[in-house]
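Engineer: This is entry-v9.csv (CSV, C-alpha atoms).
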```csv
chain,number,residue,atom,x,y,z
O,19,MET,CA,16.4,13.4,174.0
O,20,LEU,CA,14.7,15.3,171.2
O,21,LEU,CA,16.5,18.5,172.3
O,22,HIS,CA,19.8,16.7,172.7
O,23,ASP,CA,19.5,15.0,169.3
O,24,THR,CA,18.5,18.3,167.7
O,25,ALA,CA,21.4,20.1,169.2
O,26,LEU,CA,23.8,17.4,167.9
O,27,VAL,CA,22.4,17.5,164.4
O,28,PHE,CA,22.3,21.3,164.4
O,29,GLY,CA,26.0,21.5,165.6
O,30,ARG,CA,27.1,19.0,162.9
O,31,TYR,CA,25.6,20.9,160.0
O,32,LEU,CA,26.5,24.3,161.4
O,33,ARG,CA,30.2,23.3,161.6
O,34,GLN,CA,30.0,22.2,158.0
O,35,THR,CA,28.6,25.6,157.0
O,36,LEU,CA,31.2,27.5,158.9
O,37,ARG,CA,33.9,25.6,157.1
O,38,SER,CA,32.4,26.8,153.8
O,39,ARG,CA,32.5,30.6,154.1
O,40,PHE,CA,32.3,31.1,150.4
O,41,ALA,CA,28.9,29.4,150.3
O,42,MET,CA,27.6,31.8,152.9
O,43,LEU,CA,29.0,34.8,151.0
O,44,PHE,CA,27.7,33.8,147.6
O,45,GLY,CA,24.3,32.9,149.2
O,46,VAL,CA,23.7,36.6,149.9
O,47,LEU,CA,25.3,37.8,146.7
O,48,MET,CA,22.2,37.8,144.5
O,49,PRO,CA,20.1,39.9,146.9
O,50,LEU,CA,23.0,42.3,147.3
O,51,LEU,CA,23.3,42.7,143.6
O,52,TYR,CA,19.6,43.5,143.4
O,53,LEU,CA,20.1,46.0,146.2
O,54,LEU,CA,23.1,47.7,144.6
O,55,PHE,CA,21.9,47.8,141.0
O,56,PHE,CA,18.1,47.7,141.2
O,57,GLY,CA,17.5,49.7,144.4
O,58,PRO,CA,18.8,53.0,143.1
O,59,LEU,CA,16.4,52.8,140.1
O,60,LEU,CA,13.5,52.9,142.6
O,61,THR,CA,14.7,55.7,144.9
O,62,ASP,CA,12.4,58.4,143.6
O,63,LEU,CA,9.5,56.2,142.5
O,64,PRO,CA,6.2,56.3,144.6
O,65,LEU,CA,6.0,52.6,145.2
O,66,SER,CA,3.9,52.9,148.3
O,67,SER,CA,1.7,55.5,150.1
O,68,GLN,CA,3.8,54.9,153.2
O,69,GLY,CA,7.6,54.7,153.5
O,70,SER,CA,10.4,54.9,151.1
O,71,SER,CA,11.3,52.7,148.2
O,72,TRP,CA,13.9,51.0,150.4
O,73,GLN,CA,11.2,50.0,152.8
O,74,VAL,CA,9.4,48.3,150.0
O,75,LEU,CA,12.4,46.6,148.3
O,76,VAL,CA,14.4,45.3,151.3
O,77,PRO,CA,11.6,43.2,152.8
O,78,GLY,CA,11.1,41.5,149.4
O,79,LEU,CA,14.8,40.9,149.0
O,80,LEU,CA,15.0,39.3,152.5
O,81,LEU,CA,12.2,36.9,151.6
O,82,GLN,CA,13.8,36.3,148.2
O,83,LEU,CA,17.0,35.2,150.1
O,84,GLY,CA,15.0,32.7,152.2
O,85,LEU,CA,12.9,31.6,149.2
O,86,PHE,CA,15.7,30.6,146.9
O,87,GLY,CA,18.2,29.5,149.6
O,88,ALA,CA,15.9,27.3,151.6
O,89,SER,CA,14.2,25.8,148.5
O,90,PHE,CA,17.5,24.4,147.3
O,91,ALA,CA,18.6,23.1,150.7
O,92,GLY,CA,17.6,19.6,149.8
O,93,PHE,CA,20.6,19.2,147.5
O,94,THR,CA,22.6,18.3,150.6
O,95,ILE,CA,20.3,15.3,151.2
O,96,ILE,CA,20.9,14.1,147.7
O,97,ILE,CA,24.6,14.4,148.1
O,98,GLU,CA,24.5,12.6,151.5
O,99,LYS,CA,22.4,9.7,150.0
O,100,GLY,CA,25.1,9.3,147.3
O,101,GLN,CA,27.9,9.3,149.9
O,102,GLY,CA,26.1,6.8,152.2
O,103,VAL,CA,25.6,9.3,155.1
O,104,VAL,CA,21.8,8.8,155.1
O,105,GLU,CA,22.3,5.0,155.3
O,106,ARG,CA,24.6,5.3,158.3
O,107,MET,CA,22.1,7.6,160.0
O,108,ARG,CA,19.3,5.1,159.6
O,109,VAL,CA,21.0,2.7,162.0
O,110,THR,CA,21.4,5.3,164.8
O,111,PRO,CA,18.8,5.8,167.5
O,112,VAL,CA,18.6,9.5,166.8
O,113,SER,CA,15.1,11.0,166.6
O,114,ARG,CA,13.9,11.4,163.0
O,115,LEU,CA,12.3,14.7,163.9
O,116,ALA,CA,15.7,15.9,165.2
O,117,LEU,CA,17.3,15.0,161.9
O,118,LEU,CA,14.9,17.4,160.2
O,119,ILE,CA,14.7,20.1,162.9
O,120,GLY,CA,18.5,20.2,163.3
O,121,ARG,CA,19.0,20.8,159.6
O,122,VAL,CA,16.3,23.5,159.2
O,123,LEU,CA,17.4,25.4,162.3
O,124,ARG,CA,20.9,25.5,160.8
O,125,ASP,CA,19.4,26.9,157.6
O,126,ALA,CA,17.3,29.4,159.5
O,127,ALA,CA,20.4,30.6,161.4
O,128,VAL,CA,22.4,31.0,158.3
O,129,PHE,CA,19.8,32.9,156.3
O,130,VAL,CA,19.0,35.3,159.2
O,131,PHE,CA,22.8,36.0,159.4
O,132,GLN,CA,22.8,36.7,155.7
O,133,GLY,CA,19.7,38.8,156.2
O,134,VAL,CA,21.5,40.9,158.8
O,135,LEU,CA,24.3,41.6,156.3
O,136,LEU,CA,21.8,42.6,153.7
O,137,VAL,CA,20.0,45.0,156.0
O,138,LEU,CA,23.3,46.6,157.1
O,139,ALA,CA,24.2,47.1,153.4
O,140,ALA,CA,20.7,48.6,152.8
O,141,VAL,CA,21.1,51.0,155.8
O,142,ALA,CA,24.3,52.2,154.3
O,143,MET,CA,22.5,52.9,151.0
O,144,GLY,CA,19.6,54.8,152.6
O,145,LEU,CA,17.2,52.4,154.3
O,146,ARG,CA,15.5,53.8,157.4
O,147,ALA,CA,13.3,51.4,159.4
O,148,PRO,CA,12.3,50.9,163.0
O,149,LEU,CA,14.4,48.3,164.9
O,150,ALA,CA,11.3,46.4,165.9
O,151,GLY,CA,10.2,46.2,162.3
O,152,VAL,CA,13.6,44.9,161.2
O,153,LEU,CA,13.5,42.2,164.0
O,154,ILE,CA,10.0,41.2,162.9
O,155,GLY,CA,11.3,40.8,159.4
O,156,PHE,CA,14.1,38.5,160.6
O,157,ALA,CA,11.4,36.4,162.3
O,158,PHE,CA,9.5,36.1,159.1
O,159,VAL,CA,12.7,35.1,157.2
O,160,ALA,CA,13.4,32.4,159.8
O,161,LEU,CA,9.8,31.0,159.6
O,162,LEU,CA,9.9,31.0,155.8
O,163,THR,CA,13.3,29.2,155.8
O,164,ILE,CA,12.0,26.5,158.2
O,165,SER,CA,9.0,26.0,156.0
O,166,LEU,CA,10.7,25.8,152.7
O,167,ALA,CA,13.8,23.9,153.9
O,168,SER,CA,11.5,21.2,155.5
O,169,LEU,CA,9.6,20.8,152.2
O,170,SER,CA,12.9,20.8,150.2
O,171,TYR,CA,14.4,18.1,152.4
O,172,ALA,CA,11.2,16.0,152.0
O,173,LEU,CA,11.3,16.3,148.3
O,174,ALA,CA,15.0,15.4,148.2
O,175,MET,CA,14.2,12.2,150.1
O,176,LYS,CA,11.8,11.3,147.4
O,177,VAL,CA,13.9,11.9,144.3
O,178,ALA,CA,17.0,10.0,143.2
O,179,THR,CA,19.1,12.6,141.3
O,180,PRO,CA,19.8,16.3,141.2
O,181,GLN,CA,18.5,16.3,137.7
O,182,GLU,CA,15.0,15.6,139.1
O,183,PHE,CA,15.3,17.9,142.0
O,184,GLY,CA,16.7,21.1,140.4
O,185,PRO,CA,14.0,21.6,137.7
O,186,THR,CA,11.2,20.9,140.1
O,187,ILE,CA,12.4,23.6,142.5
O,188,ASN,CA,13.0,26.1,139.7
O,189,ALA,CA,9.4,25.5,138.5
O,190,LEU,CA,8.1,26.3,141.9
O,191,THR,CA,10.3,29.2,143.0
O,192,MET,CA,10.2,31.4,140.0
O,193,PRO,CA,6.4,31.8,139.8
O,194,SER,CA,6.4,32.2,143.6
O,195,MET,CA,8.8,35.1,143.4
O,196,LEU,CA,7.0,36.8,140.5
O,197,LEU,CA,3.4,36.4,141.9
O,198,SER,CA,4.3,37.3,145.5
O,199,GLY,CA,5.4,40.8,144.8
O,200,LEU,CA,8.8,40.4,146.3
O,201,MET,CA,10.4,42.9,144.0
O,202,LEU,CA,7.6,45.4,143.6
O,203,PRO,CA,4.1,45.7,145.2
O,204,MET,CA,1.5,43.7,143.3
O,205,THR,CA,-0.9,46.7,143.6
O,206,LEU,CA,1.2,48.4,140.9
O,207,GLY,CA,0.1,45.7,138.4
O,208,PRO,CA,-3.2,45.0,136.7
O,209,GLY,CA,-6.1,44.0,138.9
O,210,TRP,CA,-6.3,40.4,137.7
O,211,LEU,CA,-2.6,39.9,138.6
O,212,ASP,CA,-3.1,41.4,142.1
O,213,VAL,CA,-6.0,39.0,142.7
O,214,LEU,CA,-4.0,36.0,141.4
O,215,SER,CA,-1.1,36.9,143.8
O,216,HIS,CA,-3.4,36.4,146.8
O,217,LEU,CA,-3.3,32.7,146.1
O,218,MET,CA,0.4,32.7,146.9
O,219,PRO,CA,1.1,32.4,150.7
O,220,PHE,CA,4.4,34.5,150.3
O,221,ARG,CA,2.3,37.5,149.3
O,222,TYR,CA,1.0,37.8,152.9
O,223,LEU,CA,4.5,37.5,154.3
O,224,VAL,CA,5.9,40.3,152.2
O,225,ASP,CA,2.9,42.6,152.9
O,226,ALA,CA,3.3,42.0,156.6
O,227,MET,CA,7.1,42.7,156.5
O,228,ARG,CA,6.5,45.9,154.5
O,229,ASP,CA,4.1,47.1,157.2
O,230,ALA,CA,6.6,46.3,159.9
O,231,TYR,CA,9.3,48.3,158.1
O,232,VAL,CA,7.2,51.4,158.2
O,233,GLY,CA,6.3,50.9,161.9
O,234,GLU,CA,2.7,49.6,161.3
O,235,TYR,CA,2.3,46.5,163.5
O,236,ALA,CA,-1.5,46.3,164.3
O,237,THR,CA,-2.7,45.8,160.7
O,238,ALA,CA,-4.7,43.2,158.9
O,239,SER,CA,-1.7,42.4,156.7
O,240,MET,CA,0.4,41.8,159.8
O,241,LEU,CA,-2.2,39.4,161.2
O,242,TYR,CA,-2.6,37.5,158.0
O,243,GLY,CA,1.2,37.3,157.6
O,244,VAL,CA,1.8,35.9,161.0
O,245,LEU,CA,-1.0,33.3,160.6
O,246,VAL,CA,0.2,32.2,157.2
O,247,ALA,CA,3.9,32.0,158.3
O,248,LEU,CA,3.1,29.9,161.4
O,249,GLY,CA,0.6,27.7,159.5
O,250,LEU,CA,3.0,27.1,156.7
O,251,ALA,CA,5.8,26.3,159.1
O,252,ALA,CA,3.7,23.8,161.1
O,253,LEU,CA,2.4,22.1,157.9
O,254,ALA,CA,5.9,21.9,156.3
O,255,VAL,CA,7.5,20.4,159.4
O,256,THR,CA,4.7,17.9,159.7
O,257,VAL,CA,5.2,16.8,156.1
O,258,GLY,CA,8.9,16.7,156.4
O,259,THR,CA,8.9,14.7,159.6
O,260,ARG,CA,6.5,12.2,158.1
O,261,VAL,CA,8.7,11.7,155.0
O,262,PHE,CA,11.8,11.3,157.2
O,263,ARG,CA,10.1,8.7,159.4
O,264,THR,CA,8.7,6.8,156.4
O,265,ALA,CA,12.1,6.9,154.6
O,266,GLY,CA,14.0,6.0,157.7
O,267,ALA,CA,16.3,9.0,157.2
```
I'd like the structure from this file rewritten - as structure tokens, please.
Structural biologist:
Amino acid sequence: MLLHDTALVFGRYLRQTLRSRFAMLFGVLMPLLYLLFFGPLLTDLPLSSQGSSWQVLVPGLLLQLGLFGASFAGFTIIIEKGQGVVERMRVTPVSRLALLIGRVLRDAAVFVFQGVLLVLAAVAMGLRAPLAGVLIGFAFVALLTISLASLSYALAMKVATPQEFGPTINALTMPSMLLSGLMLPMTLGPGWLDVLSHLMPFRYLVDAMRDAYVGEYATASMLYGVLVALGLAALAVTVGTRVFRTAGA
């Protein structure tokens, strides 16, 4: 029943997404703008001892796509609460875990699709990376999306208005982006900033993706990245499920 319920919820929200193609287009617009206008500035800069500047920038942009997109996914819950959709779902026998998993799987599918578009644009601009590394990058984006979307939905169940939700998410996502080295490697900054960035879990994901994009798979960064990504996803889904069950979503 869990798989059946999850498939129903996933299909419902996926159909909603497919009916809003502009939302999908504008979701990938910001990373594309970074790629088009920021990427050429880095072409001849020695950002890393291995690989090109594109192999440094593109993994960060993919994670940025998941970071900002999934973090704001909870807005849909707030809208549904206002429209009475959540109240109607409370009286159905559908699994509360399925209500969460169906949503986050839709988000993961959408952001991986947007990531594919971003990588294709990067290839046209000069990115060269092994196929295995690119596929590993998409897996990291999916896990990050599952983690952040689960936490975003959980937060949205706890707040009453978008005015409470939006500033909270902004206060969390901006420092996360800046301290994780999504745009540039943190090793380029002062030592104290590099040390501080290791407190951010996203730092380990972006380091692992950058290794994958240069064909380095058996590294400590890759191991840490996989462990952090899986651990964060498990923790976030657990928290999200508990909130959904408590709130009777």
Engineer: Quick one: distance from CA of Asp212 in chain O to CA of Leu83 in chain O in Å, one decimal?
Structural biologist: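 Taking CA of Asp212 in chain O and CA of Leu83 in chain O, their separation equals 22.5 Å.
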Engineer: Work out how far CA of Ala140 in chain O is from CA of Val159 in chain O, in Å to one decimal.
Structural biologist: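 Atom-to-atom, CA of Val159 in chain O to CA of Ala140 in chain O, that is 16.3 Å.
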Engineer: With all atoms listed in the file as the atoms that count, which of O:Val255, O:Val103, O:Leu197, O:Ala25 lies nearest to Leu169 in chain O?
Structural biologist: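 Closest to Leu169 in chain O of all the choices is O:Val255.
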Engineer: May I have the residues within 7 Å of range 120-134 of chain O as a ChimeraX atom specification, using all atoms listed in the file and disregarding those fewer than 3 positions away in the same chain?
Structural biologist: /O:24-25,27-28,31-32,46,80,84,88,116-117,137-138,156,159-160,163-164,167-168
Engineer: May I ask for the distance between CA of Ser113 in chain O and CA of Asp23 in chain O, given in Å to one decimal place?
Structural biologist: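 The value is 6.5 Å.
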Engineer: When you look at Met201 in chain O with a cut-off of 9 Å (counting only C-alpha atoms), what residues show up, excluding the ones that are within fewer than 6 positions of it in the same chain? I need them as a list of chain:residue names.
Structural biologist: O:Val74, O:Leu75, O:Val76, O:Pro77, O:Gly78, O:Leu79, O:Gln82, O:Met195
Engineer: Would you kindly return, as a VMD selection string, each protein, DNA or RNA residue with an atom no farther than 8 Å from any atom of range 145-149 of chain O, considering only C-alpha atoms and excluding same-chain residues fewer than 3 positions away?
Structural biologist: chain O and resid 70 72 to 73 140 to 142 152 to 153 230 to 233
Engineer: Show me, as a list in words, the residues that have an atom within 12 Å of Ala254 in chain O when counting only C-alpha atoms, minus same-chain residues fewer than 6 positions from it.
Structural biologist: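 My list of contacting residues is Leu118, Ile119, Val122, Leu161, Leu162, Thr163, Ile164, Ser165, Leu166, Ala167, Ser168, Leu169, Ser170, Tyr171, Ala172, Leu173, Val246, Ala247, Leu248, Arg260 and Val261 of chain O.
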Engineer: Nearest to Gly87 in chain O among O:Asn188, O:Gln101, O:Ser215, O:Gln181, with distances taken over only C-alpha atoms: which residue is it?
Structural biologist: O:Asn188
Engineer: Restricting the calculation to all atoms listed in the file: of O:Gly209, O:Met143, O:Phe220, O:Lys176, which residue gets closest to Gly258 in chain O?
Structural biologist: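 Result for the nearest residue to Gly258 in chain O: O:Lys176.
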Engineer: Using only C-alpha atoms for the distances, tell me which of O:Phe56, O:Ala251, O:Val112, O:Leu200 is nearest to Leu26 in chain O.
Structural biologist: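 Checking each of O:Phe56, O:Ala251, O:Val112, O:Leu200 against Leu26 in chain O, counting only C-alpha atoms, the winner is O:Val112.
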Engineer: Which one of O:Met175, O:Glu98, O:Gly151, O:Pro111 sits closest to Val257 in chain O if you count all atoms listed in the file?
Structural biologist: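 Result for the nearest residue to Val257 in chain O: O:Met175.
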Engineer: Find, counting only C-alpha atoms, the residue in O:Gly243, O:Gly249, O:Gly199, O:Gly92 that gets nearest to Ala174 in chain O.
Structural biologist: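 Checking each candidate against Ala174 in chain O, we get O:Gly92 as the closest.
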Engineer: So that I can check the surroundings of Tyr235 in chain O, please list as a PyMOL selection string every protein, DNA and RNA residue that reaches within 10 Å of it, counting all atoms listed in the file and ignoring chain neighbours fewer than 6 positions away.
Structural biologist: chain O and resi 150-151+154+226-229+241
